[in-house]
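K.L.:
I am sharing model_20.cif, which consists of mmCIF, C-alpha atoms:
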```cif
data_upload
#
loop_
_atom_site.label_atom_id
_atom_site.label_comp_id
_atom_site.auth_asym_id
_atom_site.auth_seq_id
_atom_site.Cartn_x
_atom_site.Cartn_y
_atom_site.Cartn_z
CA MET A 1 30.20 -21.46 82.16
CA ARG A 2 30.89 -20.04 78.72
CA ILE A 3 28.59 -17.22 77.68
CA HIS A 4 28.39 -15.26 74.46
CA CYS A 5 25.97 -12.42 75.10
CA THR A 6 26.84 -9.94 72.36
CA LYS A 7 26.85 -9.97 68.59
CA ARG A 8 28.22 -7.36 66.24
CA SER A 9 26.13 -6.37 63.24
CA ARG A 10 27.92 -6.51 59.89
CA ASN A 11 26.10 -3.58 58.30
CA ILE A 12 25.82 -1.06 61.12
CA GLY A 13 28.79 -2.00 63.26
CA THR A 14 26.90 -1.76 66.56
CA VAL A 15 26.72 -4.31 69.33
CA ARG A 16 23.27 -5.69 70.02
CA PRO A 17 22.43 -8.21 72.75
CA VAL A 18 21.12 -11.64 71.77
CA ILE A 19 20.09 -14.72 73.68
CA PRO A 20 23.25 -16.03 75.42
CA LYS A 21 24.60 -19.46 74.62
CA ARG A 22 25.28 -21.28 77.85
CA GLY A 23 27.54 -24.29 78.18
CA GLU A 24 28.15 -26.81 80.93
CA LYS A 25 29.01 -25.67 84.44
CA ASP A 26 32.64 -26.03 85.39
CA PHE A 27 31.79 -26.80 89.01
CA GLU A 28 28.84 -27.11 91.38
CA PRO A 29 27.94 -24.13 93.60
CA ALA A 30 29.58 -24.45 97.01
CA PRO A 31 27.38 -24.34 100.14
CA GLY A 32 29.42 -21.57 101.74
CA GLY A 33 29.15 -19.21 98.79
CA GLY A 34 32.14 -20.40 96.80
CA SER A 35 35.20 -18.53 95.67
CA GLY A 36 35.41 -15.11 94.11
CA LEU A 37 35.78 -16.65 90.64
CA GLN A 38 32.57 -18.61 91.09
CA VAL A 39 30.64 -15.51 92.19
CA HIS A 40 32.06 -13.55 89.25
CA VAL A 41 31.03 -16.24 86.72
CA LEU A 42 27.52 -16.49 88.15
CA ASP A 43 27.08 -12.70 88.18
CA ARG A 44 28.26 -12.52 84.60
CA ALA A 45 25.77 -15.19 83.53
CA ARG A 46 22.96 -13.42 85.35
CA ALA A 47 23.85 -10.08 83.80
CA ALA A 48 23.92 -11.64 80.32
CA MET A 49 20.39 -12.91 80.78
CA PHE A 50 19.17 -9.50 81.98
CA ASP A 51 20.88 -7.81 79.01
CA ALA A 52 19.09 -10.15 76.64
CA LEU A 53 15.73 -9.39 78.29
CA LYS A 54 16.33 -5.62 78.18
CA ALA A 55 17.13 -5.64 74.48
CA ASP A 56 14.98 -3.40 72.28
CA ARG A 57 12.89 -5.36 69.79
CA ALA A 58 13.30 -3.98 66.30
CA ILE A 59 10.15 -4.08 64.16
CA SER A 60 9.98 -3.26 60.49
CA SER A 61 7.27 -0.73 59.71
CA LYS A 62 6.65 -2.40 56.35
CA SER A 63 5.40 -5.63 57.99
CA ALA A 64 3.57 -4.11 60.97
CA SER A 65 -0.19 -3.65 61.14
CA TYR A 66 -2.05 -0.75 62.72
CA GLY A 67 -5.20 -0.76 64.81
CA ILE A 68 -7.29 1.18 67.30
CA TRP A 69 -8.46 -0.33 70.59
CA CYS A 70 -12.10 0.55 71.26
CA PRO A 71 -12.80 -0.15 74.95
CA GLN A 72 -16.55 0.49 74.63
CA ILE A 73 -16.96 -2.57 72.34
CA SER A 74 -13.84 -4.49 73.44
CA ARG A 75 -12.54 -4.79 69.89
CA VAL A 76 -9.52 -3.63 67.91
CA HIS A 77 -10.37 -1.93 64.65
CA VAL A 78 -7.61 -2.86 62.18
CA THR A 79 -6.92 0.07 59.89
CA VAL A 80 -3.89 -1.43 58.11
CA ALA A 81 -3.65 -5.24 57.86
CA ARG A 82 -0.31 -6.78 56.88
CA GLY A 83 1.12 -10.24 57.23
CA ILE A 84 -0.23 -13.78 57.19
CA HIS A 85 -1.82 -13.62 60.64
CA PHE A 86 -5.09 -12.23 59.30
CA SER A 87 -5.77 -15.31 57.18
CA VAL A 88 -6.93 -17.12 60.33
CA MET A 89 -7.53 -14.22 62.72
CA GLY A 90 -10.01 -11.36 62.76
CA HIS A 91 -13.57 -11.11 61.48
CA SER A 92 -15.65 -8.62 59.53
CA ALA A 93 -18.22 -6.55 61.45
CA ALA A 94 -20.59 -3.79 60.39
CA ARG A 95 -20.25 -0.65 62.52
CA PRO A 96 -21.96 2.75 62.20
CA THR A 97 -19.52 5.24 60.72
CA SER A 98 -20.03 8.93 60.00
CA ILE A 99 -18.55 10.16 56.73
CA ASP A 100 -17.23 13.75 56.83
CA ASN A 101 -19.47 14.64 59.78
CA GLY A 102 -22.47 13.68 57.67
CA PRO A 103 -25.04 10.92 57.97
CA THR A 104 -24.11 7.70 59.73
CA LYS A 105 -23.84 4.56 57.61
CA LEU A 106 -23.04 0.94 58.34
CA GLN A 107 -19.65 -0.04 56.99
CA LYS A 108 -17.85 -3.35 57.36
CA ARG A 109 -14.42 -3.32 58.90
CA LEU A 110 -11.86 -5.81 60.15
CA GLU A 111 -11.93 -6.34 63.93
CA LEU A 112 -9.90 -8.44 66.33
CA LEU A 113 -11.00 -10.14 69.53
CA PRO A 114 -9.14 -9.19 72.73
CA GLU A 115 -6.94 -12.31 72.73
CA GLU A 116 -6.09 -11.93 69.04
CA ALA A 117 -5.13 -8.27 69.45
CA LEU A 118 -3.03 -8.94 72.54
CA TYR A 119 -1.24 -11.81 70.79
CA LEU A 120 -0.28 -9.61 67.84
CA ILE A 121 0.81 -6.75 70.12
CA GLU A 122 2.99 -9.09 72.16
CA ARG A 123 4.59 -10.48 69.00
CA GLY A 124 5.32 -6.98 67.74
CA ALA A 125 3.16 -7.40 64.64
CA LEU A 126 0.55 -4.76 65.57
CA PHE A 127 0.79 -1.12 66.62
CA CYS A 128 -2.33 -0.33 68.57
CA TRP A 129 -3.62 3.02 69.81
CA LYS A 130 -6.39 3.53 72.31
CA ASP A 131 -9.56 5.31 71.25
CA ILE A 132 -10.33 8.00 73.84
CA GLN A 133 -13.54 9.99 74.01
CA VAL A 134 -11.91 13.40 74.47
CA ASP A 135 -12.31 16.64 72.51
CA LEU A 136 -9.06 17.01 70.54
CA THR A 137 -9.89 20.23 68.72
CA GLY A 138 -6.67 21.87 67.61
CA LEU A 139 -4.57 18.77 68.37
CA ASP A 140 -5.24 16.85 65.18
CA ASP A 141 -1.64 17.13 64.02
CA ILE A 142 -0.27 15.56 67.23
CA GLU A 143 0.23 11.81 67.07
CA GLY A 144 0.31 9.79 70.28
CA ALA A 145 2.46 6.76 70.98
CA PRO A 146 0.96 3.28 70.55
CA MET A 147 0.14 1.17 73.57
CA SER A 148 2.98 -0.76 75.14
CA VAL A 149 2.69 -4.46 75.94
CA GLN A 150 2.17 -3.67 79.62
CA GLN A 151 -0.62 -1.21 78.86
CA ALA A 152 -2.24 -3.67 76.44
CA PHE A 153 -2.32 -6.36 79.13
CA ALA A 154 -3.86 -3.91 81.61
CA GLU A 155 -6.46 -2.73 79.09
CA ILE A 156 -7.45 -6.02 77.44
CA ILE A 157 -7.27 -8.72 80.13
CA GLY A 158 -10.71 -9.02 81.70
CA LYS A 159 -12.67 -8.00 78.61
CA GLU A 160 -15.12 -10.41 76.91
CA ASP A 161 -14.55 -13.15 79.56
CA LEU A 162 -10.83 -13.19 78.73
CA THR A 163 -8.66 -14.16 81.70
CA LEU A 164 -4.90 -14.41 81.87
CA GLU A 165 -5.08 -18.21 81.80
CA LYS A 166 -7.27 -18.22 78.68
CA TYR A 167 -4.90 -15.87 76.90
CA GLN A 168 -1.87 -17.98 77.83
CA VAL A 169 -3.54 -21.06 76.34
CA PHE A 170 -4.47 -19.11 73.19
CA ALA A 171 -0.96 -17.73 72.72
CA TYR A 172 0.65 -21.12 73.36
CA LEU A 173 -1.48 -22.90 70.77
CA ARG A 174 -1.06 -20.11 68.21
CA ARG A 175 2.73 -20.29 68.52
CA LEU A 176 2.52 -24.01 67.76
CA GLY A 177 0.58 -23.32 64.56
CA TYR A 178 -2.95 -24.26 65.67
CA VAL A 179 -5.97 -22.16 64.72
CA VAL A 180 -7.99 -21.14 67.77
CA THR A 181 -11.45 -19.56 67.71
CA ARG A 182 -14.23 -18.91 70.21
CA THR A 183 -16.86 -21.59 70.75
CA ASP A 184 -19.65 -19.20 71.71
CA PRO A 185 -19.83 -16.26 69.28
CA PRO A 186 -19.23 -13.00 71.19
CA SER A 187 -21.22 -11.07 68.58
CA PRO A 188 -23.72 -11.93 65.82
CA SER A 189 -21.14 -11.13 63.13
CA TYR A 190 -18.63 -13.67 64.47
CA PRO A 191 -18.47 -16.75 62.16
CA VAL A 192 -19.19 -20.12 63.76
CA PRO A 193 -19.03 -23.70 62.41
CA PRO A 194 -22.21 -25.15 60.90
CA PRO A 195 -24.30 -27.42 63.13
CA ARG A 196 -23.18 -31.02 63.01
CA LEU A 197 -25.73 -33.60 61.89
CA GLY A 198 -26.79 -36.23 64.35
CA SER A 199 -25.71 -39.84 64.30
CA ASP A 200 -28.84 -40.83 62.35
CA GLY A 201 -28.04 -38.45 59.49
CA ALA A 202 -30.57 -37.42 56.88
CA PRO A 203 -33.98 -39.18 56.94
CA LEU A 204 -34.56 -41.95 54.41
CA SER A 205 -36.75 -41.31 51.40
CA PHE A 206 -40.00 -43.19 50.73
CA CYS A 207 -38.42 -45.32 47.98
CA ARG A 208 -35.57 -46.38 50.25
CA ARG A 209 -37.99 -47.29 53.03
CA LEU A 210 -40.13 -49.36 50.64
CA LEU A 211 -37.05 -51.10 49.23
CA SER A 212 -35.75 -51.93 52.71
CA ILE A 213 -39.13 -53.42 53.76
CA PHE A 214 -39.26 -55.56 50.58
CA SER A 215 -35.66 -56.78 51.06
CA LEU A 216 -36.35 -57.72 54.69
CA PHE A 217 -39.50 -59.62 53.69
CA THR A 218 -37.67 -61.49 50.92
CA THR A 219 -34.79 -62.38 53.21
CA SER A 220 -37.17 -63.71 55.88
CA VAL A 221 -39.04 -65.90 53.37
CA LEU A 222 -35.81 -67.34 51.94
CA ARG A 223 -34.42 -68.00 55.40
CA PHE A 224 -37.60 -69.83 56.42
CA TRP A 225 -37.61 -71.92 53.20
CA ARG A 226 -33.96 -72.93 53.47
CA GLY A 227 -34.22 -73.68 57.19
CA SER A 228 -30.77 -72.37 58.06
CA PHE A 229 -29.91 -71.98 61.72
CA ASN A 230 -27.52 -69.43 63.15
CA TRP A 231 -26.05 -70.37 66.52
CA TRP A 232 -25.11 -66.75 67.19
CA ARG A 233 -28.74 -65.68 66.76
CA PRO A 234 -30.73 -68.65 68.09
CA LEU A 235 -33.97 -66.76 68.80
CA ARG A 236 -36.39 -66.45 65.94
CA ILE A 237 -37.88 -63.01 66.53
CA SER A 238 -40.55 -62.15 64.03
CA ARG A 239 -41.03 -58.53 63.12
CA TRP A 240 -44.75 -59.11 62.59
CA ILE A 241 -45.50 -60.94 65.83
CA HIS A 242 -42.84 -59.52 68.20
CA HIS A 243 -42.78 -56.02 66.76
CA ASP A 244 -41.24 -54.53 69.91
CA LYS A 245 -38.58 -57.20 70.46
CA SER A 246 -35.00 -57.39 69.23
CA TYR A 247 -31.74 -58.95 70.35
CA GLY A 248 -30.61 -55.66 71.81
CA LYS A 249 -33.76 -55.30 73.90
CA VAL A 250 -33.63 -58.92 75.06
CA LEU A 251 -30.02 -58.60 76.20
CA LYS A 252 -30.76 -55.24 77.81
CA SER A 253 -33.57 -56.77 79.85
CA LEU A 254 -31.14 -59.39 81.23
CA ARG A 255 -28.77 -56.74 82.65
CA VAL A 256 -28.75 -56.27 86.39
CA ILE A 257 -27.14 -52.80 86.22
CA THR A 258 -28.16 -50.39 83.49
CA ALA A 259 -25.37 -49.51 81.07
CA GLY A 260 -24.81 -46.65 78.71
CA HIS A 261 -24.32 -42.91 79.00
CA SER A 262 -27.98 -42.22 78.34
CA VAL A 263 -28.67 -43.00 82.00
CA THR A 264 -28.44 -39.81 84.07
CA PRO A 265 -26.13 -40.08 87.11
CA HIS A 266 -28.04 -40.04 90.37
CA SER A 267 -27.58 -36.98 92.55
CA SER A 268 -29.15 -35.92 95.84
CA ARG A 269 -29.13 -32.27 94.73
CA ALA A 270 -31.51 -30.76 92.22
CA THR A 271 -28.66 -29.06 90.32
CA PRO A 272 -25.50 -31.18 90.72
CA VAL A 273 -23.43 -28.71 88.63
CA ALA A 274 -23.18 -25.20 90.05
CA PRO A 275 -23.78 -22.29 87.65
CA SER A 276 -20.35 -20.93 88.61
CA SER A 277 -18.57 -24.10 87.47
CA PRO A 278 -15.40 -23.27 85.47
CA TYR A 279 -15.86 -26.27 83.19
CA LYS A 280 -17.32 -24.50 80.17
CA ILE A 281 -16.10 -24.94 76.59
CA PHE A 282 -14.33 -21.76 75.54
CA TYR A 283 -12.13 -22.47 72.48
CA ASN A 284 -12.38 -24.41 69.23
CA MET A 285 -9.04 -25.71 67.99
CA TYR A 286 -8.06 -26.76 64.47
CA LYS A 287 -4.96 -28.66 63.41
CA PRO A 288 -2.46 -26.86 61.15
CA SER A 289 -3.29 -29.30 58.34
CA THR A 290 -7.02 -28.43 58.44
CA ASN A 291 -8.34 -26.49 55.46
CA PHE A 292 -9.55 -23.52 57.49
CA ARG A 293 -11.53 -20.56 56.18
CA LYS A 294 -12.29 -17.90 58.75
CA THR A 295 -15.45 -16.81 56.92
CA ALA A 296 -16.83 -20.39 56.98
CA PRO A 297 -14.97 -22.39 59.64
CA PRO A 298 -15.42 -26.19 59.57
CA GLN A 299 -16.14 -28.42 62.52
CA PRO A 300 -13.33 -28.15 65.11
CA ASP A 301 -10.84 -30.93 65.67
CA PHE A 302 -10.83 -30.33 69.44
CA GLN A 303 -12.80 -28.25 71.93
CA ILE A 304 -10.96 -26.84 74.93
CA VAL A 305 -11.93 -25.94 78.48
CA VAL A 306 -9.52 -23.56 80.25
CA ILE A 307 -9.31 -23.60 84.06
CA ASN A 308 -7.05 -22.17 86.74
CA ALA A 309 -5.36 -25.08 88.48
CA ARG A 310 -4.98 -23.08 91.71
CA THR A 311 -8.72 -22.45 92.17
CA ALA A 312 -10.50 -25.26 90.26
CA PHE A 313 -10.84 -28.84 91.42
CA VAL A 314 -10.79 -32.08 89.43
CA PRO A 315 -13.98 -32.26 87.32
CA SER A 316 -16.74 -34.33 88.84
CA LEU A 317 -18.81 -36.95 87.05
CA TYR A 318 -21.69 -34.51 86.73
CA GLU A 319 -19.50 -31.80 85.19
CA LEU A 320 -18.07 -34.24 82.65
CA THR A 321 -21.57 -35.48 81.85
CA GLU A 322 -22.75 -31.91 81.23
CA LEU A 323 -19.77 -31.31 78.93
CA PHE A 324 -20.38 -34.51 76.96
CA ASN A 325 -24.08 -33.72 76.56
CA VAL A 326 -23.30 -30.72 74.36
CA LEU A 327 -20.63 -32.48 72.28
CA PRO A 328 -21.40 -34.36 69.04
CA GLU A 329 -20.41 -37.96 68.51
CA ILE A 330 -17.37 -38.65 66.38
CA PRO A 331 -17.01 -41.71 64.10
CA PRO A 332 -14.72 -44.51 65.28
CA PRO A 333 -11.17 -44.50 63.91
CA LEU A 334 -10.50 -46.71 60.93
CA PRO A 335 -7.84 -49.43 61.19
CA ARG A 336 -4.40 -48.79 59.83
CA LYS A 337 -3.66 -49.83 56.29
CA ARG A 338 -1.09 -52.61 56.38
CA GLY A 339 -0.56 -52.62 52.63
CA ALA A 340 -2.53 -52.70 49.41
CA PRO A 341 -3.38 -56.23 48.15
CA PRO A 342 -1.93 -57.22 44.76
CA VAL A 343 -4.19 -56.44 41.81
CA VAL A 344 -4.78 -59.42 39.52
CA GLN A 345 -5.68 -58.51 35.92
CA SER A 346 -8.19 -60.78 34.23
CA SER A 347 -9.46 -61.12 30.66
CA PRO A 348 -12.70 -59.45 29.53
CA ALA A 349 -14.42 -62.81 29.05
CA ALA A 350 -13.69 -63.76 32.64
CA VAL A 351 -15.20 -60.51 33.81
CA VAL A 352 -18.49 -60.73 31.90
CA SER A 353 -19.46 -64.33 32.69
CA PRO A 354 -19.55 -64.09 36.53
CA VAL A 355 -22.08 -61.27 36.28
CA HIS A 356 -24.82 -63.54 34.93
CA THR A 357 -23.81 -66.33 37.28
CA SER A 358 -23.88 -64.09 40.33
CA THR A 359 -27.26 -62.64 39.28
CA PHE A 360 -28.68 -66.13 38.75
CA ARG A 361 -27.37 -67.36 42.08
CA HIS A 362 -28.69 -64.27 43.81
CA LEU A 363 -32.21 -64.90 42.49
CA PHE A 364 -32.22 -68.64 43.08
CA SER A 365 -29.83 -68.91 46.02
CA TRP A 366 -32.34 -70.96 48.01
CA LEU A 367 -32.35 -73.65 45.27
CA LEU A 368 -28.61 -73.63 44.52
CA PRO A 369 -26.69 -73.35 47.79
CA SER A 370 -23.14 -72.32 47.09
CA SER A 371 -20.14 -73.66 48.96
CA THR A 372 -18.05 -70.62 48.22
CA SER A 373 -17.74 -67.92 50.82
CA GLN A 374 -19.43 -64.56 50.43
CA PRO A 375 -17.29 -61.68 49.18
CA ILE A 376 -15.76 -59.59 51.89
CA SER A 377 -16.71 -55.93 51.98
CA SER A 378 -13.99 -53.48 51.01
CA GLN A 379 -14.99 -51.14 53.85
CA PRO A 380 -12.65 -51.90 56.77
CA ARG A 381 -14.31 -52.46 60.12
CA PRO A 382 -13.07 -50.37 63.04
CA HIS A 383 -11.04 -52.06 65.72
CA PRO A 384 -13.04 -52.26 68.97
CA PHE A 385 -10.13 -51.48 71.29
CA ALA A 386 -9.05 -48.47 69.21
CA ALA A 387 -12.64 -47.23 69.18
CA LEU A 388 -12.94 -47.64 72.96
CA LYS A 389 -9.67 -45.80 73.48
CA ALA A 390 -10.67 -42.91 71.22
CA GLY A 391 -14.18 -42.67 72.66
CA LYS A 392 -17.40 -41.38 71.13
CA LYS A 393 -16.91 -37.85 72.50
CA ASN A 394 -13.71 -36.01 73.45
CA ILE A 395 -12.98 -32.89 75.46
CA VAL A 396 -9.61 -31.28 76.21
CA ILE A 397 -9.09 -29.50 79.54
CA ALA A 398 -6.21 -27.02 79.75
CA ALA A 399 -5.09 -26.54 83.36
CA VAL A 400 -2.94 -23.44 83.86
CA ASP A 401 -0.79 -23.35 86.99
CA SER A 402 1.03 -20.00 87.22
CA GLY A 403 1.85 -20.02 83.51
CA ASN A 404 2.53 -23.77 83.23
CA ILE A 405 -0.05 -25.31 80.88
CA SER A 406 -1.05 -28.98 81.03
CA PHE A 407 -3.55 -30.56 78.65
CA PHE A 408 -5.79 -33.46 79.67
CA ARG A 409 -8.08 -35.34 77.31
CA PHE A 410 -11.29 -36.90 78.64
CA SER A 411 -13.22 -39.27 76.38
CA GLN A 412 -16.59 -40.97 76.69
CA GLY A 413 -16.44 -44.64 75.79
CA ALA A 414 -19.32 -46.98 75.01
CA PHE A 415 -18.47 -50.48 76.20
CA GLU A 416 -22.02 -51.74 75.74
CA GLU A 417 -21.82 -51.08 71.99
CA TRP A 418 -18.70 -53.21 71.47
CA PRO A 419 -19.30 -56.80 72.65
CA THR A 420 -16.09 -58.58 73.54
CA LEU A 421 -17.49 -62.14 73.26
#
```
Can you give me the file's structure in the form of structure tokens?

P.N.:
Amino acid sequence: MRIHCTKRSRNIGTVRPVIPKRGEKDFEPAPGGGSGLQVHVLDRARAAMFDALKADRAISSKSASYGIWCPQISRVHVTVARGIHFSVMGHSAARPTSIDNGPTKLQKRLELLPEEALYLIERGALFCWKDIQVDLTGLDDIEGAPMSVQQAFAEIIGKEDLTLEKYQVFAYLRRLGYVVTRTDPPSPSYPVPPPRLGSDGAPLSFCRRLLSIFSLFTTSVLRFWRGSFNWWRPLRISRWIHHDKSYGKVLKSLRVITAGHSVTPHSSRATPVAPSSPYKIFYNMYKPSTNFRKTAPPQPDFQIVVINARTAFVPSLYELTELFNVLPEIPPPLPRKRGAPPVVQSSPAAVVSPVHTSTFRHLFSWLLPSSTSQPISSQPRPHPFAALKAGKKNIVIAAVDSGNISFFRFSQGAFEEWPTL
């Protein structure tokens, strides 16, 4: 095994350890312990790895930030902010501050959540000191050392519902470039996404309601006068006589087993989901391409539940139902664009004349039935199988098993809304 564990600096002339480059093994380890050469090569490889781990991490003071860990509020007050990390991390909070031992005033300052502070400390981008409530009279000129990574883990893990598994998921996603925020705001000053509108959207105005009623009445009269028959809709359901009947209700009454996620799963217990269930949404995740503003975050691309794989079981149907009940519905995915159709340029005369013809045919369509097909809408219809695969609601569960993170996506499909006949 070839190992290069040292590298000489050009400017200083000192030897600093780097990550060793390992090649292919010359031979397999022997069951009896092998020869002295084999033991020497293995010891050398092991020592090179330890030397790389024991290397001192050099940090430039010009790019490092400074902060103070306040254990009473579980926040890090950033006194000097440097770097690009604070464009998506940290939030502004108003705290009472005394100015020159005078009156106390509320001043806004930049604060970090426990996971954000620990991530920056581990990366070497933040020097953090601990705020201690001790009388330091006469020791103002003595500066203490910042917290080490080990001390930061001991101080921060366990604060604000932050576990080791939740921090590992946060750090893993941040290293990949994702933006991760809390779902439930830990404080009133923490920015949260705006509430998502329901599937119905904004209510219709009075003019739109009147226009829709008139269009439905006109369509019904023309259909009755022309006497057309649609084999796909053979029942003639009148809105005036059968006001509570529709094709959806008729087909629903013919079902033997109720369908849809609006039906609550039956359970013999009053509370099928225990209050101590670990399946609670903890993080909002945004893709790197999302236009994210930390003062006004948009709706998240994914919502994540973090569990410990050693203590949590597979989520039950009731736990998944409770998760989906708090999630908004997402629109179905649009079909892929195969290619833009060729654009045919026409003369101005050919463009003006069909307008009057189409208007005339629209008014007197019941007298002049046209053999030409109706124009196809430019809005592409979603593919049913892609919509069923994507689901109406999605949740991502991050299972952490001793540092190994696995992500599982659970989606809620609606087969009754996509007829396959």

K.L.:
If I take CA of His383 in chain A and CA of Pro332 in chain A, how far is one from the other in Å, to one decimal?

P.N.:
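Computed distance, CA of His383 in chain A to CA of Pro332 in chain A, equals 8.4 Å.
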
K.L.:
Leaving out Glu122 in chain A and any residue of its chain fewer than 2 positions from it, which residues lie within 12 Å of it when counting only C-alpha atoms, given as a PDB file with C-alpha atoms, keeping the file's coordinate frame?

P.N.:
```pdb
ATOM      1  CA  ARG A  57      12.890  -5.360  69.790  1.00  0.00           C
ATOM      2  CA  ILE A  59      10.150  -4.080  64.160  1.00  0.00           C
ATOM      3  CA  GLU A 115      -6.940 -12.310  72.730  1.00  0.00           C
ATOM      4  CA  GLU A 116      -6.090 -11.930  69.040  1.00  0.00           C
ATOM      5  CA  ALA A 117      -5.130  -8.270  69.450  1.00  0.00           C
ATOM      6  CA  LEU A 118      -3.030  -8.940  72.540  1.00  0.00           C
ATOM      7  CA  TYR A 119      -1.240 -11.810  70.790  1.00  0.00           C
ATOM      8  CA  LEU A 120      -0.280  -9.610  67.840  1.00  0.00           C
ATOM      9  CA  GLY A 124       5.320  -6.980  67.740  1.00  0.00           C
ATOM     10  CA  ALA A 125       3.160  -7.400  64.640  1.00  0.00           C
ATOM     11  CA  LEU A 126       0.550  -4.760  65.570  1.00  0.00           C
ATOM     12  CA  PHE A 127       0.790  -1.120  66.620  1.00  0.00           C
ATOM     13  CA  CYS A 128      -2.330  -0.330  68.570  1.00  0.00           C
ATOM     14  CA  MET A 147       0.140   1.170  73.570  1.00  0.00           C
ATOM     15  CA  SER A 148       2.980  -0.760  75.140  1.00  0.00           C
ATOM     16  CA  VAL A 149       2.690  -4.460  75.940  1.00  0.00           C
ATOM     17  CA  GLN A 150       2.170  -3.670  79.620  1.00  0.00           C
ATOM     18  CA  GLN A 151      -0.620  -1.210  78.860  1.00  0.00           C
ATOM     19  CA  ALA A 152      -2.240  -3.670  76.440  1.00  0.00           C
ATOM     20  CA  PHE A 153      -2.320  -6.360  79.130  1.00  0.00           C
ATOM     21  CA  TYR A 167      -4.900 -15.870  76.900  1.00  0.00           C
ATOM     22  CA  GLN A 168      -1.870 -17.980  77.830  1.00  0.00           C
ATOM     23  CA  ALA A 171      -0.960 -17.730  72.720  1.00  0.00           C
ATOM     24  CA  ARG A 175       2.730 -20.290  68.520  1.00  0.00           C
TER      25      ARG A 175
END
```

K.L.:
If we count only C-alpha atoms and set the cut-off at 10 Å, which residues sit around Phe385 in chain A, ignoring sequence neighbours fewer than 4 positions away in its own chain? Please answer as an MDAnalysis selection string.

P.N.:
chainID A and resid 389:391 415 418 420

K.L.:
Once the PyMOL selection byres ((chain A and resi 393-396) around 8) has been evaluated on this model, what residues remain selected, and can you format them as an MDAnalysis selection string?

P.N.:
chainID A and resid 302:305 323:324 327:330 390:392 397:398 407:413

K.L.:
Would you translate the PyMOL selection byres ((chain A and resi 71) around 12) into the concrete set of residues it matches in this file, as a ChimeraX atom specification?

P.N.:
/A:68-70,72-77,113-114,129-133,152,154-160

K.L.:
Using the chain letters and residue numbers of this document, give as a PyMOL selection string the residues selected by the PyMOL selection byres ((chain A and resi 314) around 12).

P.N.:
chain A and resi 277-279+307-313+315-320+397-399+408+410

K.L.:
Take CA of Tyr178 in chain A and CA of Asn284 in chain A and report the distance between them in Å, one decimal.

P.N.:
10.1 Å

K.L.:
Grab the CA of Met89 in chain A to CA of Leu112 in chain A distance for me, in Å with one decimal place.

P.N.:
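For CA of Met89 in chain A relative to CA of Leu112 in chain A, the distance reads 7.2 Å.
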
K.L.:
I'd like the box whose edges run along x, y and z of the file and which contains every listed atom of range 394-405 of chain A, padded by 3 Å per side; could you state its centre and edge lengths in Å, one decimal, as AutoDock Vina command-line options?

P.N.:
```
--center_x -5.6 --center_y -28.0 --center_z 80.3 --size_x 22.2 --size_y 22.0 --size_z 19.8
```

K.L.:
Between A:Ala386, A:Val306, A:Leu110, A:Ile281, single out the one closest to Arg336 in chain A, counting only C-alpha atoms.

P.N.:
A:Ala386

K.L.:
Excluding Leu334 in chain A and its own-chain neighbours fewer than 5 positions away, which residues fall within 8 Å of it when counting only C-alpha atoms? Please give them as a VMD selection string.

P.N.:
chain A and resid 380 to 383

K.L.:
At a cut-off of 12 Å, using all atoms listed in the file, what residues contact Ile84 in chain A? Leave out same-chain residues fewer than 2 positions from it and give the result as a PDB file with C-alpha atoms, in the coordinates of the input.

P.N.:
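Output contents, as saved in selection_7.pdb:
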```pdb
ATOM      1  CA  SER A  63       5.400  -5.630  57.990  1.00  0.00           C
ATOM      2  CA  ALA A  64       3.570  -4.110  60.970  1.00  0.00           C
ATOM      3  CA  SER A  65      -0.190  -3.650  61.140  1.00  0.00           C
ATOM      4  CA  ALA A  81      -3.650  -5.240  57.860  1.00  0.00           C
ATOM      5  CA  ARG A  82      -0.310  -6.780  56.880  1.00  0.00           C
ATOM      6  CA  PHE A  86      -5.090 -12.230  59.300  1.00  0.00           C
ATOM      7  CA  SER A  87      -5.770 -15.310  57.180  1.00  0.00           C
ATOM      8  CA  VAL A  88      -6.930 -17.120  60.330  1.00  0.00           C
ATOM      9  CA  MET A  89      -7.530 -14.220  62.720  1.00  0.00           C
ATOM     10  CA  GLY A  90     -10.010 -11.360  62.760  1.00  0.00           C
ATOM     11  CA  LEU A 120      -0.280  -9.610  67.840  1.00  0.00           C
ATOM     12  CA  ALA A 125       3.160  -7.400  64.640  1.00  0.00           C
TER      13      ALA A 125
END
```

K.L.:
Taking all atoms listed in the file into account, name the residue in A:Pro288, A:Pro103, A:Val400, A:Ala296 that is nearest to Thr163 in chain A.

P.N.:
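Looking at the shortest contact to Thr163 in chain A, the residue is A:Val400.
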